[in-house]
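Here is the structure we will look at, set down as structure tokens.
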There are 2 protein chains.
Amino acid sequence: MDSYKQLSKDELLAMKTELEASYNEKKALNLKLDMSRGKPSTKQLNVSMGIMDTLSSESSLLATDGTDCRNYGGLDGIPEARQLMAEMMGTLPDHVIVFGNASLTIMYDAISRSYTHGVLGSTPWCKLDCVKFLCPVPGYDRHFAITERFGIEMINIPMTDEGPDMDMVEKLVSSDAAIKGIWCVPKYSNPQGICYSDETVRRFANLKPLAEDFRIYWDNAYAIHHLYEDNQPEILDIISECEKAGNPDMVYEFASTSKVSFSGAGIAALATSPANLTDVKNQLSIQTIGYDKLNQLRHARFFKNLDGLRAHMKKHADVMRPKFEIVLDILDIELSGTGTGSWKKPLGGYFISFDSMNGCAKKIVEKCKEAGVVLTNAGATYPYGKDPDDKNIRIAPSFPSPEEMAQATELFVLCVKLVSIEKLLEEK
Amino acid sequence: MDSYKQLSKDELLAMKTELEASYNEKKALNLKLDMSRGKPSTKQLNVSMGIMDTLSSESSLLATDGTDCRNYGGLDGIPEARQLMAEMMGTLPDHVIVFGNASLTIMYDAISRSYTHGVLGSTPWCKLDCVKFLCPVPGYDRHFAITERFGIEMINIPMTDEGPDMDMVEKLVSSDAAIKGIWCVPKYSNPQGICYSDETVRRFANLKPLAEDFRIYWDNAYAIHHLYEDNQPEILDIISECEKAGNPDMVYEFASTSKVSFSGAGIAALATSPANLTDVKNQLSIQTIGYDKLNQLRHARFFKNLDGLRAHMKKHADVMRPKFEIVLDILDIELSGTGTGSWKKPLGGYFISFDSMNGCAKKIVEKCKEAGVVLTNAGATYPYGKDPDDKNIRIAPSFPSPEEMAQATELFVLCVKLVSIEKLLEEK
């Protein structure tokens with residue numbers, strides 16, 4: 001197919017008329033589809049139902065260290081849950097605290113704690129005039145919402161195929177003491193599905209930040225969330241890389257089973273250095289006597305170890321893969337060569353990132369919504385909801401069925417074409 | 001028995017020798033007993049084992065409003081859990097958000113949120129030079145630890161048999177805008193077991209605080225934790241009393257099932273006005289996508305309603321009551337009339353509060369510890385761990401067995417007598 005840019009005004013107008021007719025037909029179907037969030041489908045939730053039978057009143061509810069999981073205590077989490085989460089993150093259980101059901105809460109609390117009490121004895125951020133964070137873009141809206149809520153100034157860092165632009169990261173953190181952190185999704189990044197290269201991870205570990213309380217917020221949300229059996233990129237363990245580089249305290253790593261077991265009732269964990277763990281627990285001991293250890297036990301007994309987790313994730317992949325492929329196939333067939341957008345083929349994670357022509361993303365999302373297909377708001381993948389080029393759109397194939405995904409994507413490509421043609425006509 | 005004060009020096013010295021011999025005998029037993037925390041015993045945990053069988057892979061995991069409890073979402077908690085917790089607190093489900101496993105975390109987060117973002121639009125406390133809290137004493141050490149952690153100045157308020165000294169509370173809150181809150185355990189207060197009178201609750205509801213962001217932190221931890229079937233004091237509902245008084249936003253009420261189901265794996269709730277709920281959720285939506293709804297469902301299905309909770313609490317009372325009575329009987333037999341201490345007979349809750357002669361509490365606790373019986377640190381029931389009279393000791397009968405409780409209390413009264421006699425001898 002020719003690039004739309006090469007078409008004449010008349011050709012574009014003719015296409016527009018045709019596309020509008022198709023759009024109106026689709027609109028008449030009264031679709032109600034939601035591709036906005038990385039929410040597992042019912043089919044995915046069903047693959048974890050065995051968890052519900054893992055513990056009963058007949059089970060021993062003692063952890064391996066003898067802790068009665070029903071009672072108070074155990075701020076670190078029970079040993080078998082620390083072991084499980086450590087294996088998932090590729091680190092050691094000594095680095096791990098297991099929390100409640102949401103890694104988002106661990107991240108929020110980490111920022112909130114730094115704001116109220118500082119980091120390892122540093123000045124609390126609430127006492128500083130200015131705190132800044134680096135935000136690789138496009139990125140995860142809930143990360144940006146946390147830093148925005150605390151009045152932290154966010155600086156966009158472009159993503160490359162190997163991760164964030166490390167030249168820029170190195171230059172900024174070594175020259176500005178107000179920069180206290182960077183949000184990272186190192187594996188199958190949200191939304192692009194990019195995996196950080198070994199060089200990127202090593203450059204992270206070797207950063208020389210001006211701020212002593214600078215931390216890398218390493219949200220390893222998709223550590224084992226592969227789509228393909230035979231093509232599973234692995235990333236370096238940031239914690240040991242930081243140790244090797246003489247920066248053991250520079251990273252907080254987060255993970256959860258939200259997209260492994262149940263999104264509403266999983267377990268989440270923080271992995272970091274002994275000094276950071278002491279710092280975190282010093283405050284955590286005021287906030288709680290301990291998280292839900294029965295749910296930790298349920299998860300540890302059900303999954304057993306990394307092999308158990310991997311076998312389980314194959315079942316998720318079998319549900320997710322066809323939907324990713326449907327979207328990618330339709331994008332390929334309908335949009336390749338048109339010059340109306342670009343996208344990546346992720347090997348895992350939860351999203352497909354689509355870049356439209358500049359200035360078109362909001363209109364595309366709006367047009368989809370008018371016809372009953374809800375996408376993540378355009379701009380959501382950027383700090384403050386502001387995509388400077390108005391081009392990035394996050395597609396979340398997890399929740400709808402394959403049939404719905406096909407319908408939604410058909411509509412999506414129609415909207416991309418229409419909005420792109422309108423844009424090109426404006427420029428003629 | 002005569003009051004020790006009336007005894008001569010020789011009589012005291014003779015008693016001392018005798019008591020020291022008994023103490024050394026007990027010490028030789030190498031006891032290892034812990035009466036330090038309000039931690040349920042294994043027997044109590046066992047009464048809730050039915051919860052473990054409430055949900056299985058065969059169960060519907062949909063809440064009454066159709067929410068799939070396995071998935072993301074539901075910031076307020078599921079309807080049946082809100083209903084259950086509302087009934088426990090004596091309020092309406094519309095006032096309730098159900099959280100994770102610990103009301104302590106809800107309280108910490110409430111203070112932390114006020115510190116970072118203010119209350120309903122007020123100045124964040126971190127931007128103020130001075131924030132103060134009123135602390136009825138003796139009180140709960142974990143409350144005081146939260147306010148201390150945030151650098152909040154704590155002011156002791158004496159307790160009466162009807163609750164905190166309301167003359168003092170009224171005078172202080174209406175004259176000092178730095179006073180932003182008061183910690184209350186209105187029913188079976190920790191540690192005294194006092195229930196606030198109707199007049200006290202009404203005076204709370206009618207406070208005229210100078211600070212617009214003043215809140216009553218109403219920790220209704222023992223709402224249904226009665227010891228006796230036939231003598232169950234009820235307190236007024238603070239939320240509706242505040243509404244009647246035109247102060248609907250003045251209270252946050254907290255509760256949990258930590259001492260109903262499992263201490264480590266219960267559910268906890270906040271009840272407050274619609275305006276406060278909106279304020280809280282505004283921040284909560286940044287911190288989490290929702291708490292563990294499967295555990296909420298488990299609790300709602302198991303307990304069903306207030307009748308179910310009450311029937312269940314009888315089983316706890318049957319375990320707890322004998323231990324309370326053992327302690328109280330021994331105190332009565334051994335210490336009545338000696339003038340060495342005073343105590344109250346609680347009708348519920350988790351503690352017995354003992355007041356020794358001034359200046360003796362630390363020594364008594366130390367002496368018990370030397371002989372293998374751990375009590376809550378003397379001073380812990382006061383802000384900053386400082387009991388100005390060094391007299392209050394909190395006894396927690398929940399964890400040991402009745403036999404252990406008898407042994408521990410026998411040692412305790414021995415230590416009380418010994419330390420009191422030493423004190424009296426010093427004064428001779």
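By order in the structure tokens, chains are A, B, ...; within a chain, residues start at 1; ligands start at 1, following the order shown.
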Can you check which residues of chain A have any atom within 7 Å of chain B? Use only C-alpha atoms and format it as a CSV table (one decimal) with all heavy atoms, in the first residue's frame.
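Below is the file result-v4.csv, written as the result:
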```csv
chain,number,residue,atom,x,y,z
A,39,LYS,N,-5.9,-5.4,32.5
A,39,LYS,CA,-6.7,-6.2,33.4
A,39,LYS,C,-6.8,-7.6,32.9
A,39,LYS,O,-7.3,-7.7,31.7
A,39,LYS,CB,-8.0,-5.5,33.5
A,39,LYS,CG,-8.9,-5.8,34.6
A,39,LYS,CD,-10.2,-4.9,34.6
A,39,LYS,CE,-11.3,-5.5,35.5
A,39,LYS,NZ,-12.4,-4.6,35.6
A,45,LEU,N,-8.0,-15.5,34.9
A,45,LEU,CA,-8.2,-15.7,36.3
A,45,LEU,C,-8.6,-17.1,36.6
A,45,LEU,O,-8.2,-17.7,37.6
A,45,LEU,CB,-9.4,-14.8,36.8
A,45,LEU,CG,-9.1,-13.3,36.7
A,45,LEU,CD1,-10.4,-12.4,36.9
A,45,LEU,CD2,-8.0,-12.8,37.6
A,49,MET,N,-7.4,-20.9,39.6
A,49,MET,CA,-8.4,-21.3,40.6
A,49,MET,C,-7.9,-22.3,41.6
A,49,MET,O,-8.4,-22.4,42.8
A,49,MET,CB,-9.7,-21.8,39.9
A,49,MET,CG,-10.5,-20.7,39.4
A,49,MET,SD,-11.1,-19.5,40.6
A,49,MET,CE,-12.6,-20.3,41.2
A,50,GLY,N,-6.8,-23.1,41.3
A,50,GLY,CA,-6.2,-24.0,42.2
A,50,GLY,C,-5.8,-23.4,43.5
A,50,GLY,O,-5.8,-24.0,44.6
A,52,MET,N,-7.3,-21.4,45.3
A,52,MET,CA,-8.5,-21.4,46.2
A,52,MET,C,-8.6,-22.6,47.1
A,52,MET,O,-9.2,-22.7,48.1
A,52,MET,CB,-9.8,-21.1,45.5
A,52,MET,CG,-9.9,-19.9,44.7
A,52,MET,SD,-9.5,-18.4,45.6
A,52,MET,CE,-10.8,-18.4,46.8
A,53,ASP,N,-7.9,-23.7,46.6
A,53,ASP,CA,-8.0,-25.0,47.3
A,53,ASP,C,-6.7,-25.3,48.0
A,53,ASP,O,-6.5,-26.4,48.5
A,53,ASP,CB,-8.3,-26.1,46.3
A,53,ASP,CG,-9.7,-25.9,45.6
A,53,ASP,OD1,-10.6,-25.3,46.3
A,53,ASP,OD2,-9.8,-26.2,44.4
A,55,LEU,N,-5.2,-24.0,50.7
A,55,LEU,CA,-5.3,-24.1,52.1
A,55,LEU,C,-6.7,-24.4,52.5
A,55,LEU,O,-7.6,-23.8,51.9
A,55,LEU,CB,-4.9,-22.7,52.8
A,55,LEU,CG,-3.4,-22.2,52.5
A,55,LEU,CD1,-3.2,-20.9,53.3
A,55,LEU,CD2,-2.4,-23.3,52.9
A,56,SER,N,-6.9,-25.2,53.5
A,56,SER,CA,-8.2,-25.4,54.1
A,56,SER,C,-8.0,-25.6,55.6
A,56,SER,O,-6.9,-25.4,56.1
A,56,SER,CB,-8.8,-26.7,53.6
A,56,SER,OG,-8.2,-27.8,54.2
A,57,SER,N,-9.1,-25.8,56.3
A,57,SER,CA,-9.0,-25.9,57.8
A,57,SER,C,-8.2,-27.2,58.2
A,57,SER,O,-7.7,-27.3,59.3
A,57,SER,CB,-10.4,-26.0,58.4
A,57,SER,OG,-11.0,-27.2,57.9
A,69,CYS,N,0.8,-18.6,60.6
A,69,CYS,CA,0.5,-17.5,59.6
A,69,CYS,C,-0.8,-16.8,60.0
A,69,CYS,O,-1.2,-15.8,59.4
A,69,CYS,CB,0.4,-18.1,58.2
A,69,CYS,SG,2.0,-18.7,57.6
A,70,ARG,N,-1.6,-17.4,60.9
A,70,ARG,CA,-2.8,-16.8,61.3
A,70,ARG,C,-2.6,-15.6,62.3
A,70,ARG,O,-3.5,-14.8,62.4
A,70,ARG,CB,-3.7,-17.8,62.0
A,70,ARG,CG,-4.0,-19.0,61.1
A,70,ARG,CD,-4.7,-20.1,61.9
A,70,ARG,NE,-3.9,-20.6,63.0
A,70,ARG,CZ,-4.3,-21.5,63.9
A,70,ARG,NH1,-5.5,-22.0,63.9
A,70,ARG,NH2,-3.5,-21.9,64.9
A,71,ASN,N,-1.5,-15.6,63.0
A,71,ASN,CA,-1.3,-14.6,64.0
A,71,ASN,C,-0.6,-13.4,63.6
A,71,ASN,O,-0.2,-13.3,62.4
A,71,ASN,CB,-0.6,-15.3,65.2
A,71,ASN,CG,-1.2,-14.8,66.6
A,71,ASN,OD1,-1.7,-13.6,66.7
A,71,ASN,ND2,-1.3,-15.6,67.6
A,72,TYR,N,-0.4,-12.4,64.5
A,72,TYR,CA,0.3,-11.2,64.2
A,72,TYR,C,1.8,-11.6,64.0
A,72,TYR,O,2.3,-12.6,64.4
A,72,TYR,CB,0.3,-10.3,65.5
A,72,TYR,CG,-1.0,-9.6,65.7
A,72,TYR,CD1,-1.7,-9.8,66.9
A,72,TYR,CD2,-1.4,-8.6,64.8
A,72,TYR,CE1,-2.9,-9.0,67.1
A,72,TYR,CE2,-2.6,-7.9,65.0
A,72,TYR,CZ,-3.3,-8.1,66.2
A,72,TYR,OH,-4.5,-7.4,66.4
A,101,ASN,N,-1.2,-7.0,48.8
A,101,ASN,CA,-1.7,-7.5,47.5
A,101,ASN,C,-1.2,-6.6,46.3
A,101,ASN,O,-1.6,-6.9,45.2
A,101,ASN,CB,-3.2,-7.6,47.4
A,101,ASN,CG,-3.9,-6.3,47.4
A,101,ASN,OD1,-3.5,-5.3,48.0
A,101,ASN,ND2,-5.0,-6.3,46.7
A,102,ALA,N,-0.5,-5.5,46.6
A,102,ALA,CA,-0.3,-4.5,45.5
A,102,ALA,C,1.1,-3.9,45.5
A,102,ALA,O,1.5,-3.3,46.5
A,102,ALA,CB,-1.3,-3.4,45.5
A,104,LEU,N,1.9,-1.5,43.6
A,104,LEU,CA,1.6,-0.1,43.5
A,104,LEU,C,1.7,0.6,44.9
A,104,LEU,O,2.2,1.7,45.0
A,104,LEU,CB,0.3,0.1,42.9
A,104,LEU,CG,-0.1,1.6,42.5
A,104,LEU,CD1,0.8,2.1,41.4
A,104,LEU,CD2,-1.5,1.7,42.1
A,105,THR,N,1.1,-0.1,45.9
A,105,THR,CA,1.1,0.4,47.2
A,105,THR,C,2.5,0.5,47.8
A,105,THR,O,2.9,1.4,48.5
A,105,THR,CB,0.2,-0.4,48.1
A,105,THR,OG1,-1.1,-0.5,47.5
A,105,THR,CG2,0.1,0.2,49.5
A,108,TYR,N,4.0,3.6,46.1
A,108,TYR,CA,3.4,4.8,46.7
A,108,TYR,C,4.1,5.0,48.1
A,108,TYR,O,4.5,6.1,48.4
A,108,TYR,CB,1.9,4.6,46.8
A,108,TYR,CG,1.3,5.9,47.4
A,108,TYR,CD1,0.7,6.8,46.6
A,108,TYR,CD2,1.2,6.0,48.8
A,108,TYR,CE1,0.1,8.0,47.2
A,108,TYR,CE2,0.7,7.1,49.4
A,108,TYR,CZ,0.1,8.1,48.6
A,108,TYR,OH,-0.5,9.2,49.2
A,126,CYS,N,9.8,16.5,51.7
A,126,CYS,CA,8.8,17.6,52.0
A,126,CYS,C,9.5,18.9,52.5
A,126,CYS,O,8.9,19.9,52.5
A,126,CYS,CB,7.7,17.2,52.9
A,126,CYS,SG,8.3,16.9,54.6
A,145,ALA,N,1.4,9.2,38.2
A,145,ALA,CA,0.4,9.7,39.1
A,145,ALA,C,0.9,9.8,40.5
A,145,ALA,O,0.6,10.8,41.3
A,145,ALA,CB,-0.9,8.8,39.1
A,146,ILE,N,1.8,8.9,40.9
A,146,ILE,CA,2.3,8.9,42.3
A,146,ILE,C,3.2,10.2,42.4
A,146,ILE,O,3.1,11.0,43.3
A,146,ILE,CB,3.1,7.7,42.6
A,146,ILE,CG1,2.2,6.4,42.7
A,146,ILE,CG2,3.9,7.8,44.0
A,146,ILE,CD1,2.9,5.1,42.9
A,262,PHE,N,-4.0,-13.8,41.2
A,262,PHE,CA,-5.2,-12.9,41.1
A,262,PHE,C,-4.8,-11.4,41.2
A,262,PHE,O,-4.1,-11.1,42.2
A,262,PHE,CB,-6.2,-13.3,42.1
A,262,PHE,CG,-6.8,-14.7,42.0
A,262,PHE,CD1,-6.9,-15.5,43.1
A,262,PHE,CD2,-7.2,-15.2,40.8
A,262,PHE,CE1,-7.4,-16.8,43.0
A,262,PHE,CE2,-7.7,-16.4,40.6
A,262,PHE,CZ,-7.8,-17.3,41.7
A,263,SER,N,-5.3,-10.6,40.3
A,263,SER,CA,-5.0,-9.2,40.4
A,263,SER,C,-5.4,-8.5,41.6
A,263,SER,O,-4.8,-7.6,42.1
A,263,SER,CB,-5.7,-8.5,39.2
A,263,SER,OG,-5.3,-9.1,38.0
A,264,GLY,N,-6.5,-9.0,42.2
A,264,GLY,CA,-7.1,-8.4,43.4
A,264,GLY,C,-6.6,-9.0,44.7
A,264,GLY,O,-6.7,-8.5,45.8
A,265,ALA,N,-6.0,-10.2,44.6
A,265,ALA,CA,-5.7,-10.9,45.8
A,265,ALA,C,-4.3,-11.7,45.7
A,265,ALA,O,-4.2,-12.8,46.1
A,265,ALA,CB,-6.8,-11.9,46.1
A,286,ILE,N,6.1,0.7,62.2
A,286,ILE,CA,5.1,1.7,62.8
A,286,ILE,C,3.8,1.6,62.1
A,286,ILE,O,2.7,1.9,62.6
A,286,ILE,CB,5.6,3.1,62.7
A,286,ILE,CG1,7.1,3.3,63.2
A,286,ILE,CG2,4.7,4.1,63.4
A,286,ILE,CD1,7.2,3.1,64.7
A,287,GLN,N,3.8,1.2,60.8
A,287,GLN,CA,2.7,1.1,59.9
A,287,GLN,C,1.9,-0.2,60.0
A,287,GLN,O,0.7,-0.2,59.7
A,287,GLN,CB,3.2,1.4,58.5
A,287,GLN,CG,2.1,1.7,57.4
A,287,GLN,CD,2.7,1.9,56.1
A,287,GLN,OE1,3.8,1.6,55.8
A,287,GLN,NE2,1.9,2.4,55.2
A,288,THR,N,2.5,-1.2,60.4
A,288,THR,CA,1.8,-2.5,60.4
A,288,THR,C,2.6,-3.5,61.3
A,288,THR,O,3.7,-3.3,61.6
A,288,THR,CB,1.7,-3.2,59.0
A,288,THR,OG1,0.9,-4.4,59.1
A,288,THR,CG2,3.1,-3.5,58.4
A,290,GLY,N,2.4,-6.7,60.4
A,290,GLY,CA,2.7,-7.7,59.4
A,290,GLY,C,1.6,-7.8,58.3
A,290,GLY,O,0.4,-7.5,58.7
A,291,TYR,N,2.0,-8.2,57.2
A,291,TYR,CA,1.0,-8.3,56.1
A,291,TYR,C,0.3,-9.7,56.1
A,291,TYR,O,0.7,-10.5,57.0
A,291,TYR,CB,1.7,-8.1,54.7
A,291,TYR,CG,2.0,-6.6,54.6
A,291,TYR,CD1,3.2,-6.1,54.9
A,291,TYR,CD2,1.0,-5.7,54.2
A,291,TYR,CE1,3.5,-4.7,54.8
A,291,TYR,CE2,1.2,-4.3,54.1
A,291,TYR,CZ,2.5,-3.9,54.4
A,291,TYR,OH,2.8,-2.5,54.3
A,292,ASP,N,-0.6,-9.9,55.3
A,292,ASP,CA,-1.4,-11.2,55.3
A,292,ASP,C,-0.5,-12.4,55.0
A,292,ASP,O,-0.2,-12.7,53.8
A,292,ASP,CB,-2.5,-11.0,54.3
A,292,ASP,CG,-3.5,-12.2,54.3
A,292,ASP,OD1,-3.1,-13.3,54.7
A,292,ASP,OD2,-4.7,-12.1,53.8
A,293,LYS,N,-0.2,-13.1,56.0
A,293,LYS,CA,0.7,-14.3,55.8
A,293,LYS,C,0.0,-15.5,55.3
A,293,LYS,O,0.6,-16.4,54.8
A,293,LYS,CB,1.4,-14.6,57.2
A,293,LYS,CG,2.4,-13.5,57.7
A,293,LYS,CD,3.1,-13.9,58.9
A,293,LYS,CE,2.2,-14.0,60.1
A,293,LYS,NZ,1.4,-12.8,60.5
A,294,LEU,N,-1.3,-15.6,55.5
A,294,LEU,CA,-2.0,-16.7,55.0
A,294,LEU,C,-2.0,-16.7,53.5
A,294,LEU,O,-1.9,-17.7,52.8
A,294,LEU,CB,-3.5,-16.8,55.5
A,294,LEU,CG,-3.6,-17.3,56.9
A,294,LEU,CD1,-5.1,-17.3,57.3
A,294,LEU,CD2,-3.1,-18.7,57.1
```
**Request:** Do a neighbour search on region 394-404 of chain B at 8 Å with only C-alpha atoms, toss out local chain neighbours closer than 2 positions, and write the hits as JSON, numbers by chain.
**Result:** {"B": [33, 34, 35, 36, 37, 38, 39, 40, 41, 42, 191, 320, 322, 323, 324, 326, 327, 350, 351, 352, 353, 354, 375, 376, 378, 381, 392, 406, 407, 408]}
For Lys362 (chain A), list every protein, DNA or RNA residue within 9 Å, evaluated using only C-alpha atoms, and leave out those in the same chain fewer than 6 positions away; present the list as an mmCIF file with N, CA, C and O atoms, in the first residue's frame.
```
data_model
loop_
_atom_site.group_PDB
_atom_site.id
_atom_site.type_symbol
_atom_site.label_atom_id
_atom_site.label_comp_id
_atom_site.auth_asym_id
_atom_site.auth_seq_id
_atom_site.Cartn_x
_atom_site.Cartn_y
_atom_site.Cartn_z
ATOM 1 N N ASN A 377 -6.590 6.697 27.789
ATOM 2 C CA ASN A 377 -6.560 8.075 27.306
ATOM 3 C C ASN A 377 -5.247 8.390 26.604
ATOM 4 O O ASN A 377 -4.174 8.027 27.114
ATOM 5 N N ALA A 378 -5.355 9.069 25.484
ATOM 6 C CA ALA A 378 -4.126 9.521 24.821
ATOM 7 C C ALA A 378 -3.427 10.482 25.772
ATOM 8 O O ALA A 378 -4.072 11.276 26.454
ATOM 9 N N GLY A 379 -2.124 10.381 25.853
ATOM 10 C CA GLY A 379 -1.381 11.234 26.781
ATOM 11 C C GLY A 379 -1.077 10.529 28.090
ATOM 12 O O GLY A 379 -0.148 10.903 28.796
ATOM 13 N N ASP A 390 1.536 14.188 20.860
ATOM 14 C CA ASP A 390 0.180 13.646 20.746
ATOM 15 C C ASP A 390 0.143 12.473 19.766
ATOM 16 O O ASP A 390 -0.604 12.464 18.788
ATOM 17 N N LYS A 391 0.985 11.478 20.049
ATOM 18 C CA LYS A 391 1.053 10.371 19.097
ATOM 19 C C LYS A 391 0.935 8.982 19.735
ATOM 20 O O LYS A 391 0.583 8.013 19.067
ATOM 21 N N ASN A 392 1.225 8.842 21.050
ATOM 22 C CA ASN A 392 1.283 7.491 21.618
ATOM 23 C C ASN A 392 -0.072 6.997 22.123
ATOM 24 O O ASN A 392 -0.786 7.703 22.824
ATOM 25 N N ILE A 393 -0.383 5.768 21.746
ATOM 26 C CA ILE A 393 -1.623 5.127 22.211
ATOM 27 C C ILE A 393 -1.264 3.746 22.754
ATOM 28 O O ILE A 393 -0.545 2.979 22.105
#
```
**Message:** For the structure I just gave you, how does DSSP split region 324-368 of chain A - specifically, which residues are strand (DSSP E)? Reply as a PyMOL selection string.
**Reply:** chain A and resi 341-343+352-356
**Request:** Counting only C-alpha atoms, figure out which residue out of A:Met357, A:Asn282, A:Thr338, A:Gly121 gets nearest to Leu7 (chain A).
**Result:**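 Counting only C-alpha atoms, the residue closest to Leu7 (chain A) is A:Thr338.
When only C-alpha atoms are used to measure the gap to Lys208 (chain B), the shortest distance among B:Pro186, B:Gly246, B:Pro79, B:Gly339 belongs to B:Gly246.
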**Request:** Write down as a ChimeraX atom specification the residues belonging to region 152-374 of chain B that are assigned helix (DSSP H, G or I) by DSSP computed on the backbone.
**Result:** /B:166-173,198-205,238-244,274-287,293-303,306-335,361-370
Could you save those same residues with C-alpha atoms as a CSV table (one decimal), in the first residue's frame?
```
chain,number,residue,atom,x,y,z
B,166,MET,CA,-13.6,16.1,78.6
B,167,ASP,CA,-13.2,19.4,80.3
B,168,MET,CA,-9.5,19.4,79.4
B,169,VAL,CA,-10.2,18.1,75.9
B,170,GLU,CA,-12.8,20.8,75.2
B,171,LYS,CA,-10.6,23.5,76.5
B,172,LEU,CA,-7.5,22.5,74.6
B,173,VAL,CA,-9.1,21.9,71.2
B,198,ASP,CA,-23.0,8.6,76.4
B,199,GLU,CA,-22.1,12.0,77.8
B,200,THR,CA,-18.5,11.6,76.8
B,201,VAL,CA,-19.4,10.6,73.2
B,202,ARG,CA,-21.8,13.5,72.9
B,203,ARG,CA,-19.2,15.9,74.2
B,204,PHE,CA,-16.8,14.6,71.6
B,205,ALA,CA,-19.4,15.1,68.9
B,238,ILE,CA,-19.9,8.6,67.1
B,239,ILE,CA,-20.6,9.2,63.4
B,240,SER,CA,-24.3,9.9,63.8
B,241,GLU,CA,-23.6,11.9,67.0
B,242,CYS,CA,-21.2,14.1,65.0
B,243,GLU,CA,-23.8,14.5,62.3
B,244,LYS,CA,-26.4,15.6,64.8
B,274,PRO,CA,-19.0,11.2,52.7
B,275,ALA,CA,-16.8,14.3,52.4
B,276,ASN,CA,-13.9,12.5,54.2
B,277,LEU,CA,-14.5,9.4,52.2
B,278,THR,CA,-14.1,11.4,49.0
B,279,ASP,CA,-10.9,13.0,50.4
B,280,VAL,CA,-9.5,9.6,51.4
B,281,LYS,CA,-10.3,7.9,48.1
B,282,ASN,CA,-8.8,10.8,46.1
B,283,GLN,CA,-5.5,9.7,47.6
B,284,LEU,CA,-6.2,6.0,47.9
B,285,SER,CA,-6.8,5.8,44.1
B,286,ILE,CA,-3.1,6.7,43.6
B,287,GLN,CA,-1.9,4.2,46.2
B,293,LYS,CA,-11.4,-8.6,47.8
B,294,LEU,CA,-11.2,-12.4,48.1
B,295,ASN,CA,-10.4,-12.0,51.8
B,296,GLN,CA,-13.3,-9.6,52.1
B,297,LEU,CA,-15.6,-12.1,50.5
B,298,ARG,CA,-14.3,-14.9,52.7
B,299,HIS,CA,-15.1,-12.8,55.8
B,300,ALA,CA,-18.5,-11.7,54.6
B,301,ARG,CA,-19.6,-15.2,53.7
B,302,PHE,CA,-18.3,-16.7,56.9
B,303,PHE,CA,-19.7,-14.2,59.4
B,306,LEU,CA,-23.7,-9.0,63.2
B,307,ASP,CA,-25.5,-12.0,64.7
B,308,GLY,CA,-22.8,-14.2,63.1
B,309,LEU,CA,-20.1,-12.0,64.5
B,310,ARG,CA,-21.7,-12.0,68.0
B,311,ALA,CA,-22.1,-15.8,68.0
B,312,HIS,CA,-18.4,-16.1,67.0
B,313,MET,CA,-17.2,-13.7,69.7
B,314,LYS,CA,-18.8,-15.8,72.4
B,315,LYS,CA,-16.3,-18.5,71.5
B,316,HIS,CA,-13.4,-16.0,71.9
B,317,ALA,CA,-15.0,-14.9,75.2
B,318,ASP,CA,-15.1,-18.4,76.5
B,319,VAL,CA,-11.3,-18.7,75.9
B,320,MET,CA,-10.5,-15.2,77.3
B,321,ARG,CA,-12.8,-14.9,80.3
B,322,PRO,CA,-11.2,-17.6,82.5
B,323,LYS,CA,-7.8,-16.0,82.0
B,324,PHE,CA,-9.0,-12.5,82.9
B,325,GLU,CA,-10.7,-14.0,86.0
B,326,ILE,CA,-7.5,-15.8,87.0
B,327,VAL,CA,-5.5,-12.6,86.9
B,328,LEU,CA,-8.2,-10.6,88.7
B,329,ASP,CA,-8.7,-13.3,91.4
B,330,ILE,CA,-5.0,-13.4,92.2
B,331,LEU,CA,-4.7,-9.6,92.3
B,332,ASP,CA,-7.7,-9.5,94.6
B,333,ILE,CA,-6.4,-12.2,96.9
B,334,GLU,CA,-2.8,-11.1,97.0
B,335,LEU,CA,-3.0,-7.3,96.7
B,361,ALA,CA,6.3,0.2,87.6
B,362,LYS,CA,9.7,0.0,85.8
B,363,LYS,CA,11.2,-2.0,88.7
B,364,ILE,CA,8.2,-4.4,88.8
B,365,VAL,CA,8.4,-5.1,85.0
B,366,GLU,CA,12.2,-5.5,85.3
B,367,LYS,CA,11.9,-8.0,88.2
B,368,CYS,CA,9.3,-10.0,86.3
B,369,LYS,CA,11.5,-10.2,83.3
B,370,GLU,CA,14.5,-11.4,85.4
```
**Message:** List as a ChimeraX atom specification the protein and nucleic acid residues near region 24-26 of chain B, meaning an atom at most 10 Å away when only C-alpha atoms are counted, but skip any in the same chain fewer than 2 places from it.
**Reply:** /B:19-22,28-31,371-372,407-408,410-411,414
**Asp161 (chain B) environment, 9 Å, only C-alpha atoms, sequence neighbours closer than 3 positions dropped, as a ChimeraX atom specification** = /B:164,194-197
**Request:** Find the distance between CA of Ala271 (chain B) and CA of Tyr384 (chain B) and write it in Å to one decimal.
**Result:**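 A separation of 28.3 Å between them.
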